[in-house]
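**Q** What follows is the file structure33.cif, containing mmCIF, C-alpha atoms:
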```cif
data_query
#
loop_
_atom_site.group_PDB
_atom_site.id
_atom_site.type_symbol
_atom_site.label_atom_id
_atom_site.label_comp_id
_atom_site.auth_asym_id
_atom_site.auth_seq_id
_atom_site.Cartn_x
_atom_site.Cartn_y
_atom_site.Cartn_z
ATOM 1 C CA MET A 1 -32.402 65.847 128.884
ATOM 2 C CA ILE A 2 -30.850 66.915 125.569
ATOM 3 C CA PHE A 3 -27.223 68.052 125.454
ATOM 4 C CA ASP A 4 -26.464 69.938 122.228
ATOM 5 C CA GLY A 5 -22.825 69.379 121.305
ATOM 6 C CA HIS A 6 -22.611 72.444 119.084
ATOM 7 C CA ALA A 7 -24.356 75.815 119.488
ATOM 8 C CA ASP A 8 -23.154 79.259 118.371
ATOM 9 C CA ILE A 9 -24.866 81.005 121.281
ATOM 10 C CA TRP A 10 -21.929 83.265 122.112
ATOM 11 C CA THR A 11 -22.064 84.722 118.589
ATOM 12 C CA ASP A 12 -25.625 85.892 119.162
ATOM 13 C CA VAL A 13 -24.691 87.141 122.609
ATOM 14 C CA ALA A 14 -21.956 89.320 121.094
ATOM 15 C CA ILE A 15 -24.178 90.614 118.293
ATOM 16 C CA ARG A 16 -26.957 91.619 120.681
ATOM 17 C CA ARG A 17 -24.743 92.994 123.422
ATOM 18 C CA GLN A 18 -22.983 95.202 120.865
ATOM 19 C CA LYS A 19 -26.446 96.673 120.231
ATOM 20 C CA GLY A 20 -26.871 97.427 123.922
ATOM 21 C CA ILE A 21 -28.992 94.410 124.882
ATOM 22 C CA SER A 22 -28.097 92.754 128.212
ATOM 23 C CA ASP A 23 -29.007 89.401 129.726
ATOM 24 C CA VAL A 24 -29.390 87.928 126.227
ATOM 25 C CA PHE A 25 -29.867 84.267 127.083
ATOM 26 C CA LYS A 26 -32.758 84.846 129.469
ATOM 27 C CA LYS A 27 -34.476 87.350 127.194
ATOM 28 C CA VAL A 28 -34.039 85.541 123.886
ATOM 29 C CA HIS A 29 -33.066 81.879 124.257
ATOM 30 C CA LEU A 30 -34.154 80.360 127.563
ATOM 31 C CA GLU A 31 -37.793 79.847 126.602
ATOM 32 C CA ARG A 32 -36.745 78.402 123.235
ATOM 33 C CA PHE A 33 -34.353 75.959 124.922
ATOM 34 C CA ASN A 34 -37.068 74.877 127.323
ATOM 35 C CA LYS A 35 -39.530 74.344 124.478
ATOM 36 C CA GLY A 36 -37.010 72.201 122.608
ATOM 37 C CA GLU A 37 -36.067 70.349 125.819
ATOM 38 C CA ILE A 38 -32.395 71.259 125.441
ATOM 39 C CA ASN A 39 -30.851 71.407 128.896
ATOM 40 C CA GLY A 40 -27.156 72.029 128.167
ATOM 41 C CA GLY A 41 -24.474 71.968 125.527
ATOM 42 C CA ILE A 42 -21.187 73.134 124.091
ATOM 43 C CA PHE A 43 -21.458 76.846 123.320
ATOM 44 C CA VAL A 44 -18.651 77.835 120.954
ATOM 45 C CA ILE A 45 -16.696 80.986 120.312
ATOM 46 C CA TRP A 46 -15.608 81.505 116.709
ATOM 47 C CA ALA A 47 -14.666 84.185 114.223
ATOM 48 C CA ASP A 48 -17.939 84.375 112.318
ATOM 49 C CA PRO A 49 -17.915 85.719 108.741
ATOM 50 C CA PRO A 50 -17.460 88.508 107.759
ATOM 51 C CA TYR A 51 -15.291 89.078 110.855
ATOM 52 C CA ASN A 52 -13.022 86.090 110.156
ATOM 53 C CA ASN A 53 -10.529 88.346 108.357
ATOM 54 C CA GLU A 54 -9.512 89.586 111.810
ATOM 55 C CA PRO A 55 -10.023 86.420 113.865
ATOM 56 C CA GLN A 56 -8.145 87.487 116.983
ATOM 57 C CA LYS A 57 -10.044 90.760 117.255
ATOM 58 C CA ARG A 58 -13.385 89.036 116.763
ATOM 59 C CA VAL A 59 -12.730 86.129 119.117
ATOM 60 C CA PHE A 60 -11.671 88.421 121.954
ATOM 61 C CA GLU A 61 -14.707 90.654 121.332
ATOM 62 C CA ILE A 62 -16.905 87.590 121.763
ATOM 63 C CA ILE A 63 -14.966 86.498 124.867
ATOM 64 C CA GLU A 64 -15.522 89.925 126.417
ATOM 65 C CA HIS A 65 -19.288 89.751 125.880
ATOM 66 C CA THR A 66 -19.441 86.073 126.857
ATOM 67 C CA ALA A 67 -17.783 86.750 130.208
ATOM 68 C CA ILE A 68 -20.385 89.388 131.107
ATOM 69 C CA GLU A 69 -23.243 87.183 129.901
ATOM 70 C CA ILE A 70 -22.039 84.273 132.042
ATOM 71 C CA MET A 71 -21.863 86.527 135.097
ATOM 72 C CA GLU A 72 -25.441 87.692 134.467
ATOM 73 C CA ASN A 73 -26.705 84.122 134.121
ATOM 74 C CA ARG A 74 -25.011 82.321 137.001
ATOM 75 C CA ASP A 75 -28.452 81.260 138.225
ATOM 76 C CA ILE A 76 -29.016 79.428 134.901
ATOM 77 C CA PHE A 77 -25.540 78.412 133.690
ATOM 78 C CA LYS A 78 -23.019 76.127 135.303
ATOM 79 C CA ILE A 79 -19.790 76.367 133.300
ATOM 80 C CA ILE A 80 -18.206 72.929 133.119
ATOM 81 C CA LYS A 81 -14.497 73.052 133.942
ATOM 82 C CA LYS A 82 -14.136 69.762 135.796
ATOM 83 C CA THR A 83 -16.001 66.475 135.572
ATOM 84 C CA LYS A 84 -17.886 67.019 138.830
ATOM 85 C CA ASP A 85 -19.299 70.316 137.529
ATOM 86 C CA PHE A 86 -21.766 68.447 135.297
ATOM 87 C CA ASP A 87 -23.274 66.665 138.293
ATOM 88 C CA THR A 88 -23.308 69.924 140.253
ATOM 89 C CA ALA A 89 -25.205 71.610 137.428
ATOM 90 C CA ILE A 90 -27.891 68.936 137.350
ATOM 91 C CA SER A 91 -28.299 68.767 141.131
ATOM 92 C CA SER A 92 -28.615 72.567 141.342
ATOM 93 C CA GLY A 93 -31.105 72.829 138.465
ATOM 94 C CA ARG A 94 -28.735 74.730 136.186
ATOM 95 C CA MET A 95 -27.638 74.082 132.613
ATOM 96 C CA PRO A 96 -24.274 72.349 132.157
ATOM 97 C CA ILE A 97 -22.413 74.501 129.616
ATOM 98 C CA ILE A 98 -19.005 73.839 128.103
ATOM 99 C CA ILE A 99 -17.263 76.853 126.588
ATOM 100 C CA GLY A 100 -15.790 75.839 123.238
ATOM 101 C CA ILE A 101 -13.468 77.483 120.732
ATOM 102 C CA GLU A 102 -14.218 76.647 117.091
ATOM 103 C CA GLY A 103 -10.934 77.118 115.254
ATOM 104 C CA LEU A 104 -7.614 78.424 116.539
ATOM 105 C CA SER A 105 -7.001 81.137 113.925
ATOM 106 C CA ALA A 106 -7.146 83.766 116.657
ATOM 107 C CA LEU A 107 -4.023 82.268 118.236
ATOM 108 C CA GLY A 108 -1.836 82.965 115.202
ATOM 109 C CA SER A 109 1.000 80.460 115.585
ATOM 110 C CA ASN A 110 1.165 80.763 119.388
ATOM 111 C CA PHE A 111 -0.478 77.588 120.644
ATOM 112 C CA ASN A 112 0.523 78.582 124.194
ATOM 113 C CA LEU A 113 -2.409 81.010 124.123
ATOM 114 C CA LEU A 114 -4.425 77.854 124.757
ATOM 115 C CA ASN A 115 -3.381 78.356 128.386
ATOM 116 C CA LEU A 116 -5.206 81.702 128.372
ATOM 117 C CA LEU A 117 -8.325 80.130 126.871
ATOM 118 C CA TYR A 118 -8.139 77.311 129.409
ATOM 119 C CA MET A 119 -7.949 79.783 132.279
ATOM 120 C CA PHE A 120 -11.032 81.538 130.866
ATOM 121 C CA GLY A 121 -12.876 78.225 131.009
ATOM 122 C CA VAL A 122 -12.549 76.741 127.518
ATOM 123 C CA ARG A 123 -12.825 72.941 127.644
ATOM 124 C CA HIS A 124 -13.499 72.185 123.989
ATOM 125 C CA ALA A 125 -11.471 73.128 120.908
ATOM 126 C CA SER A 126 -11.246 72.487 117.194
ATOM 127 C CA LEU A 127 -8.109 73.373 115.265
ATOM 128 C CA THR A 128 -9.817 75.169 112.399
ATOM 129 C CA TRP A 129 -13.158 76.071 110.904
ATOM 130 C CA ASN A 130 -13.308 75.597 107.099
ATOM 131 C CA GLU A 131 -10.093 77.502 106.393
ATOM 132 C CA GLU A 132 -6.379 76.776 106.382
ATOM 133 C CA ASN A 133 -4.569 78.267 109.363
ATOM 134 C CA LYS A 134 -1.274 77.890 111.214
ATOM 135 C CA PHE A 135 -2.467 74.650 112.799
ATOM 136 C CA ALA A 136 -4.546 72.643 110.363
ATOM 137 C CA THR A 137 -6.584 72.553 107.180
ATOM 138 C CA GLY A 138 -10.353 72.815 106.966
ATOM 139 C CA VAL A 139 -12.597 71.294 104.325
ATOM 140 C CA LYS A 140 -12.178 74.329 102.052
ATOM 141 C CA GLY A 141 -8.376 74.128 102.180
ATOM 142 C CA SER A 142 -5.932 72.118 100.089
ATOM 143 C CA SER A 143 -6.584 68.380 100.144
ATOM 144 C CA ASN A 144 -2.815 67.818 100.281
ATOM 145 C CA ARG A 145 -2.337 69.873 103.445
ATOM 146 C CA GLY A 146 -3.014 68.453 106.893
ATOM 147 C CA LEU A 147 -1.805 69.378 110.357
ATOM 148 C CA THR A 148 1.233 71.598 110.592
ATOM 149 C CA GLU A 149 3.962 71.142 113.183
ATOM 150 C CA TYR A 150 2.107 73.745 115.253
ATOM 151 C CA GLY A 151 -1.033 71.657 114.862
ATOM 152 C CA ILE A 152 0.673 68.511 116.102
ATOM 153 C CA GLN A 153 1.926 70.426 119.145
ATOM 154 C CA ALA A 154 -1.547 71.882 119.672
ATOM 155 C CA VAL A 155 -3.099 68.394 119.728
ATOM 156 C CA LYS A 156 -0.691 67.413 122.497
ATOM 157 C CA LYS A 157 -1.339 70.676 124.368
ATOM 158 C CA ILE A 158 -5.115 70.269 124.113
ATOM 159 C CA GLU A 159 -4.904 66.729 125.457
ATOM 160 C CA ASP A 160 -2.473 67.660 128.245
ATOM 161 C CA LEU A 161 -4.723 70.487 129.451
ATOM 162 C CA GLY A 162 -7.819 68.295 129.496
ATOM 163 C CA ILE A 163 -9.706 69.942 126.646
ATOM 164 C CA ILE A 164 -12.048 67.985 124.354
ATOM 165 C CA LEU A 165 -10.577 67.871 120.836
ATOM 166 C CA ASP A 166 -13.060 68.312 117.965
ATOM 167 C CA VAL A 167 -12.434 67.256 114.332
ATOM 168 C CA SER A 168 -15.580 68.642 112.683
ATOM 169 C CA HIS A 169 -14.578 70.970 109.804
ATOM 170 C CA LEU A 170 -11.169 69.323 109.260
ATOM 171 C CA ASN A 171 -10.293 68.020 105.807
ATOM 172 C CA GLU A 172 -9.493 64.326 105.529
ATOM 173 C CA LYS A 173 -5.721 64.687 105.729
ATOM 174 C CA SER A 174 -5.983 66.750 108.917
ATOM 175 C CA PHE A 175 -8.463 64.233 110.331
ATOM 176 C CA TRP A 176 -6.089 61.351 109.825
ATOM 177 C CA ASP A 177 -3.226 63.376 111.261
ATOM 178 C CA VAL A 178 -5.299 63.925 114.416
ATOM 179 C CA TYR A 179 -6.047 60.206 114.488
ATOM 180 C CA ARG A 180 -2.318 59.493 114.223
ATOM 181 C CA TYR A 181 -1.068 61.972 116.819
ATOM 182 C CA SER A 182 -3.868 61.887 119.411
ATOM 183 C CA ASN A 183 -3.741 59.672 122.470
ATOM 184 C CA LYS A 184 -7.209 60.331 123.873
ATOM 185 C CA PRO A 185 -10.765 60.127 122.546
ATOM 186 C CA PHE A 186 -11.748 62.956 120.205
ATOM 187 C CA ILE A 187 -15.125 64.019 118.851
ATOM 188 C CA ALA A 188 -16.749 65.352 115.696
ATOM 189 C CA SER A 189 -19.285 67.558 117.441
ATOM 190 C CA HIS A 190 -21.454 68.397 114.423
ATOM 191 C CA SER A 191 -20.990 66.131 111.406
ATOM 192 C CA ASN A 192 -23.071 63.578 109.507
ATOM 193 C CA CYS A 193 -22.476 60.489 107.328
ATOM 194 C CA ARG A 194 -20.963 60.933 103.890
ATOM 195 C CA SER A 195 -22.410 57.622 102.725
ATOM 196 C CA LEU A 196 -25.888 59.184 103.112
ATOM 197 C CA CYS A 197 -25.019 62.729 102.012
ATOM 198 C CA ASP A 198 -21.831 63.089 99.986
ATOM 199 C CA VAL A 199 -20.478 66.497 101.042
ATOM 200 C CA PRO A 200 -16.981 67.266 102.370
ATOM 201 C CA ARG A 201 -18.217 68.228 105.849
ATOM 202 C CA ASN A 202 -19.612 64.765 106.443
ATOM 203 C CA LEU A 203 -17.576 61.758 107.563
ATOM 204 C CA THR A 204 -16.813 58.549 105.701
ATOM 205 C CA ASP A 205 -17.567 55.214 107.342
ATOM 206 C CA LYS A 206 -13.819 54.747 107.771
ATOM 207 C CA GLN A 207 -13.651 58.008 109.712
ATOM 208 C CA LEU A 208 -16.676 57.066 111.820
ATOM 209 C CA LYS A 209 -15.025 53.775 112.726
ATOM 210 C CA ALA A 210 -11.775 55.555 113.580
ATOM 211 C CA ILE A 211 -13.575 57.891 116.005
ATOM 212 C CA ALA A 212 -15.288 54.905 117.626
ATOM 213 C CA GLU A 213 -11.967 53.081 117.865
ATOM 214 C CA LYS A 214 -10.550 56.059 119.767
ATOM 215 C CA GLY A 215 -13.569 56.017 122.091
ATOM 216 C CA GLY A 216 -14.948 59.306 120.795
ATOM 217 C CA LEU A 217 -18.354 60.324 119.458
ATOM 218 C CA VAL A 218 -20.071 62.136 116.599
ATOM 219 C CA GLY A 219 -22.850 64.685 117.090
ATOM 220 C CA VAL A 220 -25.568 64.504 114.443
ATOM 221 C CA ASN A 221 -25.908 67.828 112.585
ATOM 222 C CA ALA A 222 -29.312 69.342 111.677
ATOM 223 C CA PHE A 223 -28.006 71.665 108.941
ATOM 224 C CA ARG A 224 -30.065 70.700 105.888
ATOM 225 C CA GLU A 225 -27.176 70.576 103.381
ATOM 226 C CA PHE A 226 -25.520 67.848 105.463
ATOM 227 C CA VAL A 227 -28.672 65.700 105.643
ATOM 228 C CA HIS A 228 -29.366 64.955 101.976
ATOM 229 C CA VAL A 229 -28.237 66.294 98.603
ATOM 230 C CA GLU A 230 -31.859 66.399 97.404
ATOM 231 C CA GLU A 231 -33.738 69.330 98.904
ATOM 232 C CA ASP A 232 -37.067 67.510 99.232
ATOM 233 C CA LYS A 233 -35.334 64.885 101.408
ATOM 234 C CA GLN A 234 -33.789 67.371 103.828
ATOM 235 C CA ASP A 235 -36.172 66.438 106.619
ATOM 236 C CA ILE A 236 -36.153 64.972 110.107
ATOM 237 C CA GLU A 237 -36.686 61.395 108.897
ATOM 238 C CA HIS A 238 -33.561 61.555 106.753
ATOM 239 C CA LEU A 239 -31.698 63.159 109.656
ATOM 240 C CA ALA A 240 -32.729 60.164 111.755
ATOM 241 C CA ASP A 241 -31.245 57.936 109.043
ATOM 242 C CA HIS A 242 -27.860 59.408 109.928
ATOM 243 C CA ILE A 243 -28.391 58.398 113.554
ATOM 244 C CA ASP A 244 -29.295 54.874 112.474
ATOM 245 C CA HIS A 245 -26.219 54.641 110.276
ATOM 246 C CA MET A 246 -23.860 55.964 112.942
ATOM 247 C CA VAL A 247 -25.235 53.505 115.477
ATOM 248 C CA GLU A 248 -24.762 50.669 112.992
ATOM 249 C CA VAL A 249 -21.188 51.678 112.120
ATOM 250 C CA MET A 250 -19.932 53.030 115.470
ATOM 251 C CA GLY A 251 -22.165 51.585 118.161
ATOM 252 C CA ILE A 252 -24.726 53.263 120.399
ATOM 253 C CA ASP A 253 -22.073 54.656 122.772
ATOM 254 C CA CYS A 254 -20.456 56.870 120.118
ATOM 255 C CA VAL A 255 -23.410 58.967 118.888
ATOM 256 C CA GLY A 256 -24.772 62.275 120.178
ATOM 257 C CA PHE A 257 -26.428 65.486 119.026
ATOM 258 C CA GLY A 258 -24.580 68.506 117.630
ATOM 259 C CA PHE A 259 -27.500 70.307 116.035
ATOM 260 C CA ASP A 260 -25.668 73.398 114.742
ATOM 261 C CA PHE A 261 -28.919 75.375 114.657
ATOM 262 C CA PHE A 262 -28.712 78.709 112.857
ATOM 263 C CA ASP A 263 -30.810 80.601 115.405
ATOM 264 C CA TYR A 264 -27.722 82.421 116.637
ATOM 265 C CA LEU A 265 -26.072 83.765 113.476
ATOM 266 C CA GLY A 266 -26.390 87.068 111.643
ATOM 267 C CA ASP A 267 -27.708 87.147 108.078
ATOM 268 C CA GLU A 268 -24.289 87.983 106.637
ATOM 269 C CA THR A 269 -22.829 84.900 108.273
ATOM 270 C CA LYS A 270 -25.649 82.621 107.111
ATOM 271 C CA ASN A 271 -25.453 83.885 103.549
ATOM 272 C CA SER A 272 -21.696 83.336 103.399
ATOM 273 C CA PHE A 273 -21.966 79.551 103.412
ATOM 274 C CA ALA A 274 -25.610 78.426 103.200
ATOM 275 C CA GLY A 275 -26.811 77.498 99.709
ATOM 276 C CA SER A 276 -30.115 79.323 100.145
ATOM 277 C CA GLY A 277 -32.250 80.959 102.788
ATOM 278 C CA ASN A 278 -33.965 77.634 103.531
ATOM 279 C CA ILE A 279 -31.615 76.502 106.277
ATOM 280 C CA GLY A 280 -33.725 74.420 108.642
ATOM 281 C CA VAL A 281 -34.369 70.710 108.233
ATOM 282 C CA LYS A 282 -38.103 70.104 107.912
ATOM 283 C CA GLY A 283 -39.427 68.951 111.274
ATOM 284 C CA ILE A 284 -36.440 70.177 113.260
ATOM 285 C CA GLU A 285 -35.985 73.689 111.921
ATOM 286 C CA ASP A 286 -34.609 75.314 115.060
ATOM 287 C CA THR A 287 -33.940 75.002 118.780
ATOM 288 C CA THR A 288 -37.626 74.812 119.684
ATOM 289 C CA LYS A 289 -38.048 71.657 117.572
ATOM 290 C CA ALA A 290 -35.090 69.681 118.988
ATOM 291 C CA LYS A 291 -37.329 67.334 120.972
ATOM 292 C CA ASN A 292 -38.920 66.121 117.713
ATOM 293 C CA ILE A 293 -35.904 63.931 116.970
ATOM 294 C CA ILE A 294 -36.542 62.057 120.226
ATOM 295 C CA ARG A 295 -40.073 61.258 119.067
ATOM 296 C CA ILE A 296 -38.717 59.884 115.772
ATOM 297 C CA MET A 297 -36.204 57.697 117.606
ATOM 298 C CA GLU A 298 -38.945 56.338 119.841
ATOM 299 C CA LYS A 299 -40.992 55.431 116.764
ATOM 300 C CA ARG A 300 -37.958 53.667 115.300
ATOM 301 C CA GLY A 301 -37.660 51.440 118.337
ATOM 302 C CA TYR A 302 -34.797 52.972 120.265
ATOM 303 C CA SER A 303 -34.970 52.042 123.937
ATOM 304 C CA LYS A 304 -35.135 54.654 126.691
ATOM 305 C CA ASP A 305 -31.551 53.860 127.675
ATOM 306 C CA ASP A 306 -30.299 54.190 124.102
ATOM 307 C CA ILE A 307 -32.087 57.532 123.672
ATOM 308 C CA GLU A 308 -30.546 58.809 126.903
ATOM 309 C CA LYS A 309 -27.092 57.786 125.683
ATOM 310 C CA ILE A 310 -27.498 59.724 122.446
ATOM 311 C CA SER A 311 -29.245 62.648 124.148
ATOM 312 C CA TYR A 312 -26.581 63.294 126.791
ATOM 313 C CA LYS A 313 -24.928 60.283 128.405
ATOM 314 C CA ASN A 314 -22.349 59.749 125.661
ATOM 315 C CA PHE A 315 -21.205 63.362 125.993
ATOM 316 C CA TYR A 316 -21.162 62.876 129.755
ATOM 317 C CA ARG A 317 -18.806 59.929 129.253
ATOM 318 C CA ILE A 318 -16.450 62.057 127.132
ATOM 319 C CA ILE A 319 -16.491 64.826 129.749
ATOM 320 C CA ASN A 320 -15.596 62.279 132.426
ATOM 321 C CA GLN A 321 -12.731 60.919 130.349
ATOM 322 C CA ILE A 322 -11.173 64.165 129.150
ATOM 323 C CA LEU A 323 -11.761 66.946 131.669
ATOM 324 C CA LYS A 324 -9.453 67.023 134.672
#
```
Can you give me the file's structure in the form of structure tokens?

**A**
Amino acid sequence: MIFDGHADIWTDVAIRRQKGISDVFKKVHLERFNKGEINGGIFVIWADPPYNNEPQKRVFEIIEHTAIEIMENRDIFKIIKKTKDFDTAISSGRMPIIIGIEGLSALGSNFNLLNLLYMFGVRHASLTWNEENKFATGVKGSSNRGLTEYGIQAVKKIEDLGIILDVSHLNEKSFWDVYRYSNKPFIASHSNCRSLCDVPRNLTDKQLKAIAEKGGLVGVNAFREFVHVEEDKQDIEHLADHIDHMVEVMGIDCVGFGFDFFDYLGDETKNSFAGSGNIGVKGIEDTTKAKNIIRIMEKRGYSKDDIEKISYKNFYRIINQILK
């Protein structure tokens, strides 16, 4: 089993449903998931460019389409709201899916809208995407700005509700503010190691150790620009190097997958932040190739138990610790 800690499925659902296509997951993605041996994940809602100028409008558009899609796929999806739901999903042959919210820009400064998202089923949240908002500062924001007072309150609210807190996309000051004000494990669902690829979206060894100290995890990201700064080294072997490094720095219990595949995004969105059209990492270009990373880990000597931990058991641990 592979649990993907970060997938923008709901974005694709909204795009296709707005064109009149129904039952999107079964028609477009199910076979691809099966081929890649992905059996569950965190599917996030976010204000995708160019719609991020009106984040609340876009997020609630996606929620509307997501709700219908979930109803159409109840025979495939099991939405994880409580810890026991994961086990129920597996025993019933359905996919354990956590609904996530990537960035809280849609909330304005009203963090109490988290209650609404919680009632909808959201059990994962990050404070921001790359931007500055009322809560926190992303990697494209000011390096001197971290969490706001609203952000500090949101961290407490997220933890009190039993929502998994995600620090991917935060700048360093916001990261360390989360570290300071959080009382529960938090995750970086789709980030890599800055010591191997020096870009702002990746994490320093100090940050990796801090996440491990809190009992959290990091999901390895298959976006090529986060794997290596040299294009000819943006391949699956160098992606596996990030796994090796995380395991060395954090321990085997703190590493997972957060592939961040671009299968689900429109061209305008991709072009807004990808350096070129060549997005996929060689050897693990998209959802259908996810299983290839397991083969690399086997060749590198990872035991069956260790592979299962990285593939899904470490996320299962976080779900058991955080969800109520």

**Q** CA of Gln234 (chain A) and CA of Lys282 (chain A) are how many Å apart?

**A**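 CA of Lys282 (chain A) lies at a distance of 6.5 Å from CA of Gln234 (chain A).
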
**Q** Counting all atoms listed in the file, figure out which residue out of A:Lys82, A:Arg74, A:Lys157, A:His169 gets nearest to Leu114 (chain A).

**A** A:Lys157

**Q** For the structure provided, state which residues fall under the PyMOL selection byres ((chain A and resi 95) around 12), and present them as an MDAnalysis selection string.

**A** chainID A and resid 1:4 25 30 33:34 37:43 70 73:80 85:94 96:98

**Q** I'd like to see the residues matched by the PyMOL selection byres ((chain A and resi 115) around 12) on this file, and ideally I'd get them as a VMD selection string.

**A** chain A and resid 107 110 to 114 116 to 123 154 157 to 158 160 to 163

**Q** Those same residues - C-alpha atoms - I'd like them written as an mmCIF file, in the coordinates of the input.

**A**
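again.cif, written as the output of this step:
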```cif
data_model
loop_
_atom_site.group_PDB
_atom_site.id
_atom_site.type_symbol
_atom_site.label_atom_id
_atom_site.label_comp_id
_atom_site.auth_asym_id
_atom_site.auth_seq_id
_atom_site.Cartn_x
_atom_site.Cartn_y
_atom_site.Cartn_z
ATOM 1 C CA LEU A 107 -4.023 82.268 118.236
ATOM 2 C CA ASN A 110 1.165 80.763 119.388
ATOM 3 C CA PHE A 111 -0.478 77.588 120.644
ATOM 4 C CA ASN A 112 0.523 78.582 124.194
ATOM 5 C CA LEU A 113 -2.409 81.010 124.123
ATOM 6 C CA LEU A 114 -4.425 77.854 124.757
ATOM 7 C CA LEU A 116 -5.206 81.702 128.372
ATOM 8 C CA LEU A 117 -8.325 80.130 126.871
ATOM 9 C CA TYR A 118 -8.139 77.311 129.409
ATOM 10 C CA MET A 119 -7.949 79.783 132.279
ATOM 11 C CA PHE A 120 -11.032 81.538 130.866
ATOM 12 C CA GLY A 121 -12.876 78.225 131.009
ATOM 13 C CA VAL A 122 -12.549 76.741 127.518
ATOM 14 C CA ARG A 123 -12.825 72.941 127.644
ATOM 15 C CA ALA A 154 -1.547 71.882 119.672
ATOM 16 C CA LYS A 157 -1.339 70.676 124.368
ATOM 17 C CA ILE A 158 -5.115 70.269 124.113
ATOM 18 C CA ASP A 160 -2.473 67.660 128.245
ATOM 19 C CA LEU A 161 -4.723 70.487 129.451
ATOM 20 C CA GLY A 162 -7.819 68.295 129.496
ATOM 21 C CA ILE A 163 -9.706 69.942 126.646
#
```

**Q** Could you write out as a list in words the residues that the PyMOL selection byres ((chain A and resi 5-19) around 7) matches in the shown file?

**A**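 Selection result, ordered by chain and number: Phe3, Asp4, Gly20, Ile21, Ser22, Val24, Gly41, Ile42, Phe43, Val44, Ile45, Ile62, His65, Thr66, Ser189, His190, Gly219, Phe257, Gly258, Phe259, Asp260, Phe261, Tyr264 and Leu265 of chain A.
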
**Q** One decimal, Å: what's the distance from CA of Gly146 (chain A) over to CA of Lys173 (chain A), could you say?

**A** 4.8 Å

**Q** Using Å and a single decimal, report how far CA of Leu170 (chain A) sits from CA of Asp48 (chain A).

**A**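 So the two atoms, CA of Asp48 (chain A) and CA of Leu170 (chain A), lie 16.8 Å apart.
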
**Q** Please identify all polymer residues within 12 Å of Asn221 (chain A), counting all atoms listed in the file, omitting same-chain residues fewer than 2 positions from it, and present them as a PyMOL selection string.

**A** chain A and resi 4-7+168+188-193+197+201-203+218-219+223-228+234-236+238-243+255-262+280-281+284-286+290+293

**Q** Just C-alpha atoms for this one: save the residues we selected as a tab-separated table (two decimals), keeping the file's coordinate frame.

**A**
```tsv
chain	number	residue	atom	x	y	z
A	4	ASP	CA	-26.46	69.94	122.23
A	5	GLY	CA	-22.82	69.38	121.30
A	6	HIS	CA	-22.61	72.44	119.08
A	7	ALA	CA	-24.36	75.82	119.49
A	168	SER	CA	-15.58	68.64	112.68
A	188	ALA	CA	-16.75	65.35	115.70
A	189	SER	CA	-19.28	67.56	117.44
A	190	HIS	CA	-21.45	68.40	114.42
A	191	SER	CA	-20.99	66.13	111.41
A	192	ASN	CA	-23.07	63.58	109.51
A	193	CYS	CA	-22.48	60.49	107.33
A	197	CYS	CA	-25.02	62.73	102.01
A	201	ARG	CA	-18.22	68.23	105.85
A	202	ASN	CA	-19.61	64.76	106.44
A	203	LEU	CA	-17.58	61.76	107.56
A	218	VAL	CA	-20.07	62.14	116.60
A	219	GLY	CA	-22.85	64.68	117.09
A	223	PHE	CA	-28.01	71.67	108.94
A	224	ARG	CA	-30.06	70.70	105.89
A	225	GLU	CA	-27.18	70.58	103.38
A	226	PHE	CA	-25.52	67.85	105.46
A	227	VAL	CA	-28.67	65.70	105.64
A	228	HIS	CA	-29.37	64.96	101.98
A	234	GLN	CA	-33.79	67.37	103.83
A	235	ASP	CA	-36.17	66.44	106.62
A	236	ILE	CA	-36.15	64.97	110.11
A	238	HIS	CA	-33.56	61.56	106.75
A	239	LEU	CA	-31.70	63.16	109.66
A	240	ALA	CA	-32.73	60.16	111.76
A	241	ASP	CA	-31.24	57.94	109.04
A	242	HIS	CA	-27.86	59.41	109.93
A	243	ILE	CA	-28.39	58.40	113.55
A	255	VAL	CA	-23.41	58.97	118.89
A	256	GLY	CA	-24.77	62.28	120.18
A	257	PHE	CA	-26.43	65.49	119.03
A	258	GLY	CA	-24.58	68.51	117.63
A	259	PHE	CA	-27.50	70.31	116.04
A	260	ASP	CA	-25.67	73.40	114.74
A	261	PHE	CA	-28.92	75.38	114.66
A	262	PHE	CA	-28.71	78.71	112.86
A	280	GLY	CA	-33.72	74.42	108.64
A	281	VAL	CA	-34.37	70.71	108.23
A	284	ILE	CA	-36.44	70.18	113.26
A	285	GLU	CA	-35.98	73.69	111.92
A	286	ASP	CA	-34.61	75.31	115.06
A	290	ALA	CA	-35.09	69.68	118.99
A	293	ILE	CA	-35.90	63.93	116.97
```

**Q** Give as a list in words the set of residues within 8 Å of the point (-9.8, 85.6, 119.8), where distances use the file's coordinates and all atoms listed in the file.

**A**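 Residues lying no farther than 8 Å from the given point: Trp46, Ala47, Pro55, Gln56, Lys57, Arg58, Val59, Phe60, Glu61, Ile62, Ile63, Ser105, Ala106 and Leu107 of chain A.
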
**Q** Kindly extract all protein, DNA and RNA residues lying within 10 Å of the coordinates (-14.4, 63.2, 116.8) given in the file, considering only C-alpha atoms, and supply them as a PyMOL selection string.

**A** chain A and resi 126+164-168+175+178-179+185-191+203+207-208+210-212+214-219+254

**Q** So which one's closest to Lys291 (chain A), A:Lys184, A:Lys309, A:Arg32, A:Lys206? Using all atoms listed in the file, please.

**A**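 Closest to Lys291 (chain A), using all atoms listed in the file: A:Arg32.
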
**Q** Please provide the set of residues having any atom within 6 Å of Glu131 (chain A), restricted to only C-alpha atoms, with same-chain residues fewer than 3 positions apart removed, written as a ChimeraX atom specification.

**A** /A:138,140-141
